[in-house]
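Asker: If you scroll down you'll find the structure; I have some questions about it.
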Amino acid sequence: MLRFLPQKRDFRWLYWGIAYTIVVWGCLVLNRYMVLNSALEFIIVLRILLLAIFIAAFVNLAGYFGARWIWLGSSLGIACGILFMMINSGNQTGWEDLISFLTFLMLSAIGIGAGIILECFAALIRLLRQRG
């Protein structure tokens with residue numbers, strides 16, 4: 001199913017991680033400075049970059065170690081989280097904008113959880129096939 005992803009412990013995961021970081025960072029910066037119309041602050045851009053690096057490292061390390069379903073679930077959760085954050089941001093008070101960021105974090109966590117559940121089911125299916 002996930003044939004487009006590199007194999008377990010492949011060096012190409014580094015390129016996937018770099019691209020993933022750039023995409024997540026770009027989306028978060030776009031939300032902060034285009035949707036929310038905030039003033040550009042270099043320190044905030046660096047903090048957003050650190051968040052994007054952390055997210056990309058976690059997701060792509062899971063893929064590097066062979067947990068491709070965790071990669072897929074996490075990616076879908078992060079994509080949905082960014083989408084909902086952008087939809088719910090802007091023209092609101094600070095609390096609603098904070099809630100939109102918390103929605104991003106919550107949907108990302110749900111995606112990670114879904115990926116872990118899918119990975120457990122895949123391992124169970126592999127185990128049952130080996131025994132039967």
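Ordered as shown in the structure tokens, chains take letters A, B, and onward, while each chain numbers its residues from 1 and ligands are numbered from 1 in the order shown.
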Give me the residues near Ile55 in chain A as a VMD selection string, where near means some atom within 9 Å (using only C-alpha atoms) and where sequence neighbours in that chain fewer than 5 positions away do not count.
Answerer: chain A and resid 20 to 21 24 50 60 78
Asker: Please write the residues from the selection above to a file, keeping N, CA, C and O atoms, as a PDB file, in the first residue's frame.
Answerer:
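Printed below is result_1.pdb as written:
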ATOM      1  N   TYR A  20       9.530  17.467   4.398  1.00  0.00           N
ATOM      2  CA  TYR A  20       8.429  17.522   5.357  1.00  0.00           C
ATOM      3  C   TYR A  20       8.568  18.752   6.253  1.00  0.00           C
ATOM      4  O   TYR A  20       7.593  19.458   6.512  1.00  0.00           O
ATOM      5  N   THR A  21       9.787  19.015   6.716  1.00  0.00           N
ATOM      6  CA  THR A  21      10.041  20.191   7.550  1.00  0.00           C
ATOM      7  C   THR A  21       9.698  21.470   6.807  1.00  0.00           C
ATOM      8  O   THR A  21       9.046  22.362   7.359  1.00  0.00           O
ATOM      9  N   VAL A  24       5.769  21.777   6.403  1.00  0.00           N
ATOM     10  CA  VAL A  24       5.083  22.107   7.658  1.00  0.00           C
ATOM     11  C   VAL A  24       5.455  23.518   8.103  1.00  0.00           C
ATOM     12  O   VAL A  24       4.581  24.301   8.508  1.00  0.00           O
ATOM     13  N   LEU A  50      11.599  25.422  14.630  1.00  0.00           N
ATOM     14  CA  LEU A  50      11.910  24.371  15.606  1.00  0.00           C
ATOM     15  C   LEU A  50      10.731  23.416  15.792  1.00  0.00           C
ATOM     16  O   LEU A  50      10.914  22.195  15.897  1.00  0.00           O
ATOM     17  N   ASN A  60       9.096  11.271  10.549  1.00  0.00           N
ATOM     18  CA  ASN A  60       9.976  10.586   9.611  1.00  0.00           C
ATOM     19  C   ASN A  60      10.907   9.588  10.291  1.00  0.00           C
ATOM     20  O   ASN A  60      11.336   8.631   9.650  1.00  0.00           O
ATOM     21  N   ILE A  78      -1.629  15.697  10.753  1.00  0.00           N
ATOM     22  CA  ILE A  78      -0.983  17.002  10.648  1.00  0.00           C
ATOM     23  C   ILE A  78      -1.607  17.823   9.522  1.00  0.00           C
ATOM     24  O   ILE A  78      -1.860  19.020   9.680  1.00  0.00           O
TER      25      ILE A  78
END
Asker: Near range 62-77 of chain A, within 12 Å and counting only C-alpha atoms, which residues show up once chain neighbours fewer than 2 positions away are dropped, as number ranges by chain?
Answerer: A: 1-17, 20-21, 23-24, 55-60, 79-85, 103-123
Asker: With only C-alpha atoms as the counted atoms, please give the residues lying no more than 7 Å from Ile48 in chain A, apart from itself and same-chain residues fewer than 4 positions off, as a ChimeraX atom specification.
Answerer: /A:25,28,44,52
Asker: Tell me, as a PyMOL selection string, which residues lie within 7 Å of Gly90 in chain A, counting only C-alpha atoms; anything in the same chain fewer than 5 positions away does not count.
Answerer: chain A and resi 35-36+97
Asker: So which residues of range 2-114 of chain A fall under helix (DSSP H, G or I) by DSSP, listed as a PyMOL selection string?
Answerer: chain A and resi 12-35+42-64+68-88+94-114
Asker: Rounded to one decimal in Å, what is the spacing between CA of Leu46 in chain A and CA of Leu102 in chain A?
Answerer: 19.4 Å
